[in-house]
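S.K.: My structure is stored as upload-v6.cif, with mmCIF, C-alpha atoms.
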```cif
data_target
#
loop_
_atom_site.label_atom_id
_atom_site.label_comp_id
_atom_site.auth_asym_id
_atom_site.auth_seq_id
_atom_site.Cartn_x
_atom_site.Cartn_y
_atom_site.Cartn_z
CA MET A 1 18.71 -0.74 -14.22
CA HIS A 2 16.22 -0.87 -17.05
CA PHE A 3 13.00 0.48 -15.57
CA THR A 4 12.07 3.80 -14.04
CA PRO A 5 9.20 3.73 -11.51
CA GLN A 6 7.46 6.45 -13.45
CA SER A 7 4.53 7.33 -11.29
CA GLN A 8 2.97 6.61 -7.97
CA HIS A 9 -0.53 7.94 -7.53
CA LEU A 10 -1.64 8.58 -3.98
CA SER A 11 -5.32 8.22 -3.30
CA PRO A 12 -6.95 11.35 -1.85
CA GLY A 13 -7.74 10.76 1.78
CA THR A 14 -6.46 7.18 1.96
CA GLY A 15 -3.34 5.49 3.19
CA SER A 16 -0.57 6.99 5.24
CA SER A 17 -0.01 9.83 2.77
CA ASN A 18 -3.17 11.58 3.99
CA THR A 19 -3.09 13.68 0.84
CA SER A 20 -6.04 15.42 -0.72
CA THR A 21 -6.85 16.95 -4.07
CA SER A 22 -8.14 20.46 -4.62
CA SER A 23 -10.55 19.41 -7.35
CA THR A 24 -13.68 18.98 -5.25
CA SER A 25 -15.18 22.46 -5.61
CA ASN A 26 -15.89 22.09 -9.33
CA ALA A 27 -19.03 20.08 -8.58
CA HIS A 28 -20.65 23.37 -7.56
CA LEU A 29 -19.76 25.40 -10.65
CA SER A 30 -22.48 26.73 -12.89
CA ARG A 31 -22.61 26.43 -16.68
CA ASP A 32 -22.84 30.23 -16.46
CA THR A 33 -19.12 30.10 -15.67
CA MET A 34 -18.54 30.21 -19.42
CA THR A 35 -20.43 33.48 -19.90
CA ASN A 36 -21.15 35.18 -16.58
CA ALA A 37 -18.34 37.20 -15.00
CA SER A 38 -19.34 36.17 -11.48
CA PRO A 39 -21.60 33.08 -11.34
CA PRO A 40 -22.66 31.72 -7.95
CA TYR A 41 -21.49 28.40 -6.58
CA THR A 42 -21.96 26.62 -3.30
CA ASN A 43 -18.94 25.96 -1.11
CA GLY A 44 -19.85 23.95 1.95
CA THR A 45 -22.73 25.69 3.73
CA HIS A 46 -22.55 29.11 2.07
CA THR A 47 -22.79 30.54 -1.42
CA GLU A 48 -19.89 32.30 -3.07
CA ARG A 49 -19.26 33.78 -6.50
CA LEU A 50 -16.30 33.22 -8.79
CA THR A 51 -14.15 36.27 -9.35
CA GLU A 52 -13.62 37.60 -12.85
CA ASP A 53 -10.13 36.13 -12.87
CA GLU A 54 -11.44 32.70 -11.79
CA THR A 55 -14.14 32.81 -14.43
CA ARG A 56 -11.57 33.74 -17.08
CA VAL A 57 -9.35 30.83 -16.06
CA VAL A 58 -12.24 28.36 -16.26
CA ARG A 59 -13.23 29.70 -19.67
CA ILE A 60 -9.71 29.61 -21.12
CA THR A 61 -8.86 26.15 -19.76
CA SER A 62 -12.06 24.70 -21.21
CA HIS A 63 -10.71 25.19 -24.74
CA ILE A 64 -8.37 22.30 -25.50
CA ASN A 65 -7.02 21.24 -28.91
CA GLY A 66 -9.65 23.23 -30.77
CA LEU A 67 -12.62 21.85 -28.80
CA THR A 68 -14.52 22.93 -25.69
CA PHE A 69 -14.80 20.68 -22.65
CA LEU A 70 -17.08 22.18 -20.04
CA PRO A 71 -16.70 21.62 -16.28
CA TRP A 72 -18.62 18.67 -14.89
CA LEU A 73 -21.86 19.49 -13.05
CA GLU A 74 -24.00 17.21 -10.93
CA ASN A 75 -26.91 17.54 -13.35
CA ASP A 76 -24.72 16.03 -16.08
CA LYS A 77 -25.65 12.69 -14.55
CA SER A 78 -29.11 13.26 -16.03
CA GLU A 79 -27.79 13.56 -19.60
CA ASN A 80 -30.21 12.14 -22.19
CA PHE A 81 -28.69 9.11 -23.92
CA VAL A 82 -31.84 8.06 -25.80
CA VAL A 83 -31.79 9.41 -29.35
CA PRO A 84 -34.02 8.52 -32.35
CA SER A 85 -31.17 7.06 -34.40
CA TYR A 86 -27.44 6.45 -34.04
CA PHE A 87 -25.72 9.30 -32.25
CA THR A 88 -22.89 10.99 -34.15
CA ASP A 89 -20.46 13.28 -32.33
CA LYS A 90 -20.86 16.83 -33.65
CA ASP A 91 -17.09 17.30 -33.25
CA GLY A 92 -16.45 14.71 -35.94
CA LEU A 93 -14.09 11.74 -36.21
CA LEU A 94 -10.83 11.72 -34.29
CA THR A 95 -7.76 12.38 -36.43
CA LEU A 96 -5.52 9.47 -37.36
CA SER A 97 -1.79 9.34 -37.91
CA ARG A 98 -0.48 8.56 -41.41
CA LYS A 99 0.32 5.02 -40.36
CA GLN A 100 -3.21 4.56 -39.00
CA GLN A 101 -4.72 6.08 -42.15
CA ARG A 102 -2.86 3.55 -44.30
CA LYS A 103 -4.22 0.70 -42.20
CA LEU A 104 -7.78 2.05 -41.91
CA TRP A 105 -10.56 0.09 -43.56
CA GLN A 106 -13.57 1.93 -42.14
CA TRP A 107 -15.11 3.39 -38.99
CA ARG A 108 -17.54 0.93 -37.41
CA ARG A 109 -20.16 1.17 -34.68
CA ALA A 110 -19.41 -0.91 -31.59
CA SER A 111 -22.80 -2.58 -31.96
CA HIS A 112 -21.95 -3.56 -35.56
CA LEU A 113 -18.68 -5.07 -34.39
CA TYR A 114 -19.89 -6.96 -31.32
CA GLY A 115 -23.69 -6.94 -31.25
CA HIS A 116 -24.49 -6.15 -27.60
CA PRO A 117 -21.04 -5.83 -26.03
CA GLN A 118 -20.10 -5.49 -22.39
CA ILE A 119 -18.57 -2.31 -21.00
CA PHE A 120 -15.94 -2.97 -18.35
CA GLY A 121 -17.57 -6.31 -17.63
CA GLN A 122 -14.31 -8.26 -17.53
CA HIS A 123 -12.18 -8.97 -14.46
CA GLY A 124 -8.66 -7.61 -14.35
CA CYS A 125 -6.62 -6.26 -17.26
CA GLY A 126 -5.17 -9.38 -18.89
CA HIS A 127 -7.53 -8.98 -21.86
CA ILE A 128 -6.55 -5.37 -22.70
CA VAL A 129 -4.38 -4.79 -25.78
CA GLN A 130 -2.67 -1.62 -27.02
CA GLU A 131 -2.79 -1.40 -30.81
CA THR A 132 -1.40 1.18 -33.27
CA VAL A 133 -1.96 4.25 -31.08
CA THR A 134 1.28 5.34 -29.38
CA ASP A 135 -0.38 5.66 -25.97
CA CYS A 136 1.33 2.95 -23.89
CA SER A 137 1.27 5.35 -20.94
CA PHE A 138 -2.51 5.66 -21.13
CA VAL A 139 -3.02 1.91 -21.55
CA ALA A 140 -0.72 1.22 -18.60
CA ALA A 141 -2.75 3.72 -16.56
CA LEU A 142 -5.96 2.07 -17.71
CA CYS A 143 -4.65 -1.38 -16.76
CA VAL A 144 -3.69 -0.45 -13.20
CA SER A 145 -7.03 1.31 -12.72
CA VAL A 146 -9.01 -1.72 -13.93
CA GLU A 147 -6.85 -4.04 -11.82
CA TYR A 148 -7.54 -1.83 -8.78
CA GLU A 149 -11.30 -2.19 -9.29
CA HIS A 150 -11.00 -5.96 -9.63
CA ARG A 151 -8.80 -6.33 -6.56
CA PHE A 152 -10.59 -3.99 -4.16
CA LYS A 153 -14.14 -4.29 -5.54
CA ARG A 154 -14.41 -0.49 -5.64
CA GLN A 155 -15.20 1.69 -8.64
CA LEU A 156 -12.44 4.05 -9.70
CA ILE A 157 -12.70 4.90 -13.39
CA THR A 158 -15.89 3.01 -14.27
CA GLN A 159 -17.86 5.42 -12.10
CA HIS A 160 -16.97 8.12 -14.65
CA VAL A 161 -18.57 6.44 -17.69
CA TYR A 162 -22.22 7.07 -18.68
CA PRO A 163 -24.90 5.83 -19.19
CA LYS A 164 -25.08 3.54 -16.17
CA GLY A 165 -27.15 0.52 -15.30
CA ARG A 166 -28.96 -0.06 -12.01
CA ASN A 167 -25.78 -1.53 -10.51
CA GLY A 168 -23.92 1.72 -11.10
CA MET A 169 -21.70 0.22 -13.79
CA PRO A 170 -21.53 1.57 -17.37
CA GLU A 171 -24.00 -0.07 -19.72
CA PHE A 172 -24.18 -0.52 -23.47
CA ASN A 173 -26.15 2.16 -25.32
CA PRO A 174 -27.61 0.96 -28.66
CA ALA A 175 -27.74 4.60 -29.81
CA GLY A 176 -23.96 4.85 -29.48
CA LYS A 177 -23.84 7.92 -27.23
CA TYR A 178 -21.52 7.94 -24.21
CA MET A 179 -20.14 10.47 -21.76
CA VAL A 180 -16.91 10.23 -19.77
CA LYS A 181 -15.82 12.37 -16.84
CA LEU A 182 -12.11 13.27 -16.97
CA PHE A 183 -9.91 15.48 -14.80
CA VAL A 184 -8.33 18.03 -17.15
CA ASN A 185 -6.78 21.43 -16.48
CA GLY A 186 -7.68 21.37 -12.80
CA LEU A 187 -11.35 20.43 -13.15
CA TRP A 188 -13.50 17.37 -13.76
CA ARG A 189 -14.92 17.81 -17.27
CA ARG A 190 -17.56 16.13 -19.44
CA VAL A 191 -16.45 14.49 -22.66
CA VAL A 192 -19.20 13.27 -25.00
CA ILE A 193 -18.33 10.67 -27.66
CA ASP A 194 -20.01 8.32 -30.09
CA ASP A 195 -19.07 4.66 -30.52
CA LEU A 196 -17.50 4.88 -33.99
CA LEU A 197 -14.15 3.06 -33.80
CA PRO A 198 -11.37 2.72 -36.41
CA VAL A 199 -11.07 -0.74 -37.96
CA GLY A 200 -8.15 -1.99 -40.04
CA GLU A 201 -8.19 -4.00 -43.25
CA THR A 202 -7.92 -7.25 -41.28
CA GLY A 203 -11.12 -6.40 -39.40
CA LYS A 204 -9.24 -5.70 -36.16
CA LEU A 205 -9.59 -2.46 -34.23
CA LEU A 206 -6.75 0.03 -34.63
CA CYS A 207 -7.39 1.43 -31.15
CA THR A 208 -6.98 -0.22 -27.76
CA TYR A 209 -9.34 -3.16 -27.43
CA SER A 210 -10.26 -6.20 -25.38
CA VAL A 211 -9.69 -9.72 -26.70
CA THR A 212 -13.11 -10.57 -25.20
CA GLY A 213 -15.02 -7.91 -27.17
CA ASP A 214 -15.58 -5.65 -24.14
CA ILE A 215 -15.70 -2.05 -25.45
CA GLY A 216 -15.09 -0.18 -22.17
CA GLN A 217 -11.38 0.22 -22.89
CA SER A 218 -11.98 1.49 -26.42
CA LEU A 219 -14.53 4.07 -25.26
CA MET A 220 -12.38 5.33 -22.40
CA GLU A 221 -9.42 5.69 -24.73
CA LYS A 222 -11.53 7.52 -27.32
CA ALA A 223 -12.73 10.05 -24.74
CA PHE A 224 -9.18 10.58 -23.47
CA LEU A 225 -7.77 11.01 -26.99
CA LYS A 226 -10.57 13.35 -27.99
CA VAL A 227 -9.29 15.72 -25.32
CA MET A 228 -5.67 15.08 -26.31
CA GLY A 229 -6.25 15.85 -29.99
CA GLY A 230 -6.91 12.50 -31.68
CA TYR A 231 -5.60 9.00 -32.31
CA ASP A 232 -2.43 10.56 -33.76
CA PHE A 233 -1.29 10.91 -30.15
CA PRO A 234 2.44 11.74 -29.78
CA GLY A 235 2.74 9.97 -26.42
CA SER A 236 2.65 11.06 -22.81
CA ASN A 237 3.57 9.59 -19.44
CA ALA A 238 1.45 7.46 -17.17
CA SER A 239 1.65 10.00 -14.37
CA THR A 240 -0.22 12.59 -16.44
CA ASP A 241 -2.65 10.03 -17.82
CA LEU A 242 -3.52 8.53 -14.43
CA HIS A 243 -4.20 12.02 -13.11
CA VAL A 244 -6.67 12.58 -15.97
CA LEU A 245 -8.41 9.25 -15.34
CA THR A 246 -8.57 9.31 -11.55
CA GLY A 247 -7.73 12.76 -10.20
CA TRP A 248 -5.24 11.06 -7.85
CA ILE A 249 -2.08 12.99 -7.04
CA PRO A 250 0.95 11.93 -9.13
CA GLU A 251 4.49 11.42 -7.91
CA HIS A 252 7.57 10.56 -9.99
CA VAL A 253 10.34 8.38 -8.55
CA PHE A 254 13.61 8.10 -10.50
CA VAL A 255 15.77 5.12 -9.63
CA GLN A 256 18.88 6.81 -11.07
CA ASP A 257 18.52 9.77 -8.73
CA GLN A 258 21.28 10.03 -6.11
CA ALA A 259 18.66 10.49 -3.40
CA PHE A 260 16.79 7.31 -4.40
CA ASP A 261 16.12 5.12 -1.35
CA ALA A 262 15.36 1.59 -2.60
CA GLU A 263 14.07 0.15 0.69
CA ARG A 264 11.88 3.14 1.48
CA THR A 265 10.50 3.12 -2.06
CA TRP A 266 9.81 -0.60 -1.92
CA THR A 267 7.95 -0.25 1.38
CA ARG A 268 5.80 2.59 0.04
CA MET A 269 5.04 0.68 -3.15
CA HIS A 270 4.33 -2.63 -1.43
CA ASP A 271 2.19 -1.21 1.37
CA GLY A 272 0.40 1.26 -0.89
CA LEU A 273 -0.58 -1.40 -3.42
CA GLU A 274 -1.70 -3.72 -0.64
CA GLN A 275 -3.87 -1.02 0.96
CA GLY A 276 -5.25 0.34 -2.29
CA SER A 277 -3.78 3.81 -1.76
CA VAL A 278 -1.30 3.70 -4.65
CA LEU A 279 -1.51 3.06 -8.39
CA LEU A 280 1.87 2.25 -9.89
CA THR A 281 3.43 2.23 -13.34
CA ILE A 282 7.04 1.87 -14.40
CA ALA A 283 8.81 2.75 -17.63
CA THR A 284 11.93 1.86 -19.56
CA GLY A 285 14.37 4.47 -20.79
CA GLU A 286 16.20 4.57 -24.08
CA MET A 287 18.21 1.48 -24.96
CA GLY A 288 19.63 -0.19 -28.06
CA SER A 289 17.43 -2.60 -29.96
CA ASP A 290 19.80 -5.52 -29.35
CA VAL A 291 19.82 -4.90 -25.60
CA ALA A 292 16.03 -4.51 -25.52
CA ALA A 293 15.52 -7.74 -27.48
CA SER A 294 17.84 -9.68 -25.20
CA LEU A 295 15.89 -8.52 -22.14
CA GLY A 296 12.40 -8.85 -23.61
CA LEU A 297 11.77 -5.15 -23.07
CA VAL A 298 10.54 -2.24 -25.20
CA PRO A 299 12.61 0.99 -25.13
CA SER A 300 10.88 4.14 -23.79
CA HIS A 301 7.77 2.16 -22.92
CA ALA A 302 5.29 2.30 -20.01
CA TYR A 303 4.30 -0.81 -18.06
CA ALA A 304 1.52 -1.42 -15.52
CA VAL A 305 2.45 -2.75 -12.08
CA LEU A 306 -0.28 -5.12 -10.95
CA ASP A 307 1.15 -6.38 -7.65
CA ALA A 308 4.13 -6.21 -5.31
CA ARG A 309 4.99 -9.24 -3.20
CA GLU A 310 7.73 -9.96 -0.67
CA VAL A 311 8.07 -13.76 -0.49
CA CYS A 312 10.88 -16.22 0.24
CA GLY A 313 13.25 -13.32 0.79
CA HIS A 314 12.56 -11.76 -2.62
CA GLN A 315 10.95 -8.42 -3.54
CA LEU A 316 8.94 -9.07 -6.69
CA LEU A 317 6.72 -7.00 -8.98
CA ARG A 318 4.00 -8.41 -11.24
CA VAL A 319 4.03 -6.29 -14.40
CA LYS A 320 2.02 -6.06 -17.65
CA ASN A 321 3.21 -4.87 -21.04
CA PRO A 322 0.28 -2.97 -22.66
CA TRP A 323 1.06 -4.74 -25.93
CA ASN A 324 -0.33 -7.91 -24.31
CA SER A 325 2.84 -9.72 -25.43
CA LEU A 326 6.63 -9.56 -25.13
CA ARG A 327 7.82 -10.31 -21.60
CA TRP A 328 10.90 -9.67 -19.51
CA THR A 329 13.40 -12.53 -19.90
CA GLY A 330 15.74 -11.80 -16.99
CA ALA A 331 15.65 -12.81 -13.33
CA PHE A 332 12.33 -14.33 -12.17
CA SER A 333 10.92 -14.29 -15.70
CA HIS A 334 9.26 -17.29 -17.35
CA ALA A 335 12.64 -18.03 -18.94
CA ASP A 336 14.50 -18.12 -15.61
CA GLN A 337 15.21 -21.76 -14.72
CA ILE A 338 17.16 -21.02 -11.53
CA SER A 339 15.19 -18.60 -9.34
CA TRP A 340 11.83 -20.37 -9.32
CA THR A 341 11.97 -22.70 -6.33
CA PRO A 342 8.99 -24.92 -5.38
CA ASP A 343 8.29 -22.73 -2.33
CA LEU A 344 8.30 -19.54 -4.42
CA MET A 345 6.06 -21.02 -7.11
CA ARG A 346 3.63 -22.20 -4.46
CA ALA A 347 3.61 -18.81 -2.70
CA LEU A 348 2.83 -16.95 -5.94
CA ASP A 349 0.70 -19.70 -7.50
CA TYR A 350 2.91 -19.48 -10.57
CA ASP A 351 4.72 -22.07 -12.63
CA PRO A 352 6.83 -20.63 -15.47
CA LYS A 353 6.72 -23.95 -17.31
CA THR A 354 2.95 -23.73 -17.79
CA GLU A 355 2.72 -20.00 -18.61
CA HIS A 356 2.10 -20.16 -22.34
CA ASP A 357 -0.60 -17.47 -22.65
CA ASP A 358 1.53 -14.63 -21.33
CA GLN A 359 -0.78 -11.60 -21.99
CA GLY A 360 2.42 -9.55 -21.59
CA ILE A 361 2.38 -10.27 -17.83
CA PHE A 362 5.56 -11.24 -15.99
CA TRP A 363 7.34 -11.23 -12.63
CA ILE A 364 10.51 -9.21 -12.12
CA ASP A 365 12.59 -8.66 -9.00
CA PHE A 366 12.78 -5.10 -7.68
CA ALA A 367 16.58 -5.21 -7.81
CA SER A 368 16.39 -5.52 -11.62
CA VAL A 369 14.18 -2.46 -11.96
#
```
What is this file in structure tokens?

M.R.:
Amino acid sequence: MHFTPQSQHLSPGTGSSNTSTSSTSNAHLSRDTMTNASPPYTNGTHTERLTEDETRVVRITSHINGLTFLPWLENDKSENFVVPSYFTDKDGLLTLSRKQQRKLWQWRRASHLYGHPQIFGQHGCGHIVQETVTDCSFVAALCVSVEYEHRFKRQLITQHVYPKGRNGMPEFNPAGKYMVKLFVNGLWRRVVIDDLLPVGETGKLLCTYSVTGDIGQSLMEKAFLKVMGGYDFPGSNASTDLHVLTGWIPEHVFVQDQAFDAERTWTRMHDGLEQGSVLLTIATGEMGSDVAASLGLVPSHAYAVLDAREVCGHQLLRVKNPWNSLRWTGAFSHADQISWTPDLMRALDYDPKTEHDDQGIFWIDFASV
């Protein structure tokens, strides 16, 4: 087995899990939480006050990697995004790794790169590409979140990006000021960024980007990595990253575990993805370079699961490599000339012979995971 189903995220209040998150009360916190020993907040129909211990916890957990990220308040939606000139983040540029510094040409405004770009205006995640940042787990989490919005026509992470247009979707800000709402240290928090992005000597972005010029992915990544300490990110896991993006409750499933129940896991994955109550990523473990190359896999790498289908007697997963290239070459891959029957190709609307623009997306049978 080469993959580990790394994280299932159960949607609060949806699906058979009937789970809920304890993060809802932060909407009633006061900015005074940072200074007042017992600020008031509204809980349901009555007013309560935070204890000194609760206030201390909120204050301490707001300081992350040398910066302060305050709890999200409802009036943050009224943040002013109109500034006289280009907005520059007072916290400065995000740090780069040595490899990124060697490749860096300059920091460029999104508007200078793309004119008047879209923000999460594309459908699905096929256009998203991980670049030199070692954040495959975040990009995999981003991909499944974007795919969820496309499939179910419901906002999940785009509702957390400001400013917004009349349709409730994020909109381009010529001044370059944006705000993202992320779930960190037990609370939804506000993260303010500018639109300065690192560009390499070839003119290509060094951060995650869209091949269409959509900047939503780059901005979301920048906000996430500002909290995490910079573009010199050491790596994470998609379970943690999805929790930050969505607030959904994470669950790890290890296929090597003695208690692993393949059929039960498949049913939960399949039904959850179909109902929109689960977000799913999988990950490879350590493996030799020769083995990885022969399988078309990347060692210790996170992948986004876009779909789960049970057709023609087969349990199949549709998966995306955040690199936007390099696909699985085993059973049910584009290179498999045996498994793809006419009935199966028709059921999945897929013909491996015509799949030239792979975007890192492939089919794999659950038994190979």

S.K.: Applying the PyMOL selection byres ((chain A and resi 210) around 12) to the file I just gave you, which residues come out? Please list them as a PyMOL selection string.

M.R.: chain A and resi 114+117-131+139+143+204-209+211-219+221+322-324+359

S.K.: Take the PyMOL selection byres ((chain A and resi 86-100) around 7), run it mentally on this structure, and tell me the resulting residues as a list in words.

M.R.: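 Evaluating the PyMOL selection byres ((chain A and resi 86-100) around 7) on this file yields Val83, Ser85, Gln101, Arg102, Lys103, Leu104, Thr132, Ala175, Gly176, Lys177, Ile193, Asp194, Lys226, Gly230, Tyr231 and Asp232 of chain A.
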
S.K.: Calculate how many Å separate atom CA of Phe69 of chain A from atom CA of Val227 of chain A, rounding to one decimal.

M.R.: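 It comes out at 7.9 Å.
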
S.K.: Using all atoms listed in the file, which of A:Ser111, A:Thr354, A:Phe183, A:Arg190 sits nearest Asn75 of chain A?

M.R.: A:Arg190

S.K.: Which value, in Å to one decimal, gives the distance between atom CA of Ala238 of chain A and atom CA of Tyr148 of chain A?

M.R.: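 A separation of 15.4 Å between them.
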
S.K.: At most 12 Å is the cut-off: for each residue in segment 122-216 of chain A with any atom that close to an atom of segment 270-283 of chain A, write down the nearest atom pair and the distance in Å rounded to one decimal, counting only C-alpha atoms, chain first then increasing number, as a Markdown table.

M.R.:
```
| residue | atom | partner | partner_atom | distance |
| --- | --- | --- | --- | --- |
| A:Cys136 | CA | A:Ala283 | CA | 9.8 |
| A:Ser137 | CA | A:Thr281 | CA | 8.5 |
| A:Phe138 | CA | A:Thr281 | CA | 10.4 |
| A:Val139 | CA | A:Thr281 | CA | 10.4 |
| A:Ala140 | CA | A:Thr281 | CA | 6.8 |
| A:Ala141 | CA | A:Thr281 | CA | 7.1 |
| A:Leu142 | CA | A:Thr281 | CA | 10.4 |
| A:Cys143 | CA | A:Thr281 | CA | 9.5 |
| A:Val144 | CA | A:Leu279 | CA | 6.3 |
| A:Ser145 | CA | A:Leu279 | CA | 7.2 |
| A:Val146 | CA | A:Leu279 | CA | 10.5 |
| A:Glu147 | CA | A:Leu279 | CA | 9.5 |
| A:Tyr148 | CA | A:Gly276 | CA | 7.2 |
| A:Glu149 | CA | A:Gly276 | CA | 9.6 |
| A:His150 | CA | A:Gly276 | CA | 11.3 |
| A:Arg151 | CA | A:Gly276 | CA | 8.7 |
| A:Phe152 | CA | A:Gly276 | CA | 7.1 |
| A:Lys153 | CA | A:Gly276 | CA | 10.5 |
| A:Arg154 | CA | A:Gly276 | CA | 9.8 |
| A:Gln155 | CA | A:Gly276 | CA | 11.9 |
| A:Leu156 | CA | A:Gly276 | CA | 11.0 |
```

S.K.: Distance atom CA of Thr134 of chain A-atom CA of Gly186 of chain A, one decimal place?

M.R.: 24.7 Å

S.K.: Written as a list of chain:residue names, which residues does the PyMOL selection byres ((chain A and resi 321) around 7) give for the file shown?

M.R.: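 With the shown file as input, the PyMOL selection byres ((chain A and resi 321) around 7) matches A:Tyr303, A:Ala304, A:Val319, A:Lys320, A:Pro322, A:Trp323, A:Asn324, A:Ser325, A:Gly360, A:Ile361.
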
S.K.: Restricting the calculation to all atoms listed in the file, which member of A:Val369, A:Leu197, A:Ala223, A:Ala262 is positioned closest to Leu113 of chain A?

M.R.: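 Once distances to Leu113 of chain A are computed over all atoms listed in the file, the minimum belongs to A:Leu197.
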
S.K.: Counting all atoms listed in the file, figure out which residue out of A:Asn65, A:Ser339, A:Phe362, A:His252 gets nearest to Leu306 of chain A.

M.R.: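 For Leu306 of chain A, the nearest of the candidates is A:Phe362.
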
S.K.: Just checking: using all atoms listed in the file, which residue out of A:Asp343, A:Glu286, A:Asp365, A:Asp349 ends up closest to Gln315 of chain A?

M.R.: A:Asp365

S.K.: Please rebuild segment 112-118 of chain A with all heavy atoms and give the result as a compact mmCIF listing (two decimals), keeping the file's coordinate frame.

M.R.:
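New file part21.txt:
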```
# COMPACT_ATOMS: atom_id res chain seq x y z
N HIS A 112 -22.13 -2.83 -34.31
CA HIS A 112 -21.95 -3.56 -35.56
C HIS A 112 -20.78 -4.54 -35.45
O HIS A 112 -20.74 -5.56 -36.15
CB HIS A 112 -21.71 -2.59 -36.71
CG HIS A 112 -22.88 -1.72 -37.01
ND1 HIS A 112 -22.81 -0.60 -37.81
CD2 HIS A 112 -24.18 -1.79 -36.59
CE1 HIS A 112 -24.00 -0.03 -37.88
NE2 HIS A 112 -24.85 -0.73 -37.15
N LEU A 113 -19.85 -4.21 -34.58
CA LEU A 113 -18.68 -5.07 -34.39
C LEU A 113 -18.98 -6.24 -33.47
O LEU A 113 -18.55 -7.37 -33.70
CB LEU A 113 -17.52 -4.26 -33.81
CG LEU A 113 -16.86 -3.24 -34.74
CD1 LEU A 113 -15.93 -2.33 -33.95
CD2 LEU A 113 -16.10 -3.95 -35.85
N TYR A 114 -19.73 -5.95 -32.38
CA TYR A 114 -19.89 -6.96 -31.32
C TYR A 114 -21.32 -7.28 -30.95
O TYR A 114 -21.55 -8.07 -30.03
CB TYR A 114 -19.15 -6.47 -30.06
CG TYR A 114 -17.68 -6.22 -30.27
CD1 TYR A 114 -17.17 -4.93 -30.21
CD2 TYR A 114 -16.80 -7.27 -30.53
CE1 TYR A 114 -15.81 -4.69 -30.39
CE2 TYR A 114 -15.45 -7.04 -30.71
CZ TYR A 114 -14.96 -5.74 -30.64
OH TYR A 114 -13.62 -5.51 -30.82
N GLY A 115 -22.30 -6.66 -31.60
CA GLY A 115 -23.69 -6.94 -31.25
C GLY A 115 -24.11 -6.16 -30.02
O GLY A 115 -24.40 -4.97 -30.09
N HIS A 116 -24.13 -6.81 -28.87
CA HIS A 116 -24.49 -6.15 -27.60
C HIS A 116 -23.33 -6.35 -26.63
O HIS A 116 -23.40 -7.19 -25.72
CB HIS A 116 -25.79 -6.74 -27.04
CG HIS A 116 -26.43 -5.90 -25.97
ND1 HIS A 116 -25.89 -5.79 -24.70
CD2 HIS A 116 -27.54 -5.14 -25.97
CE1 HIS A 116 -26.64 -5.00 -23.98
NE2 HIS A 116 -27.67 -4.59 -24.72
N PRO A 117 -22.26 -5.58 -26.79
CA PRO A 117 -21.04 -5.83 -26.03
C PRO A 117 -21.13 -5.38 -24.57
O PRO A 117 -21.98 -4.56 -24.20
CB PRO A 117 -19.99 -4.99 -26.76
CG PRO A 117 -20.78 -3.86 -27.33
CD PRO A 117 -22.11 -4.44 -27.71
N GLN A 118 -20.25 -5.94 -23.76
CA GLN A 118 -20.10 -5.49 -22.39
C GLN A 118 -19.26 -4.22 -22.35
O GLN A 118 -18.50 -3.92 -23.27
CB GLN A 118 -19.42 -6.56 -21.54
CG GLN A 118 -20.26 -7.77 -21.23
CD GLN A 118 -19.54 -8.70 -20.27
OE1 GLN A 118 -18.37 -9.02 -20.43
NE2 GLN A 118 -20.25 -9.15 -19.24
```
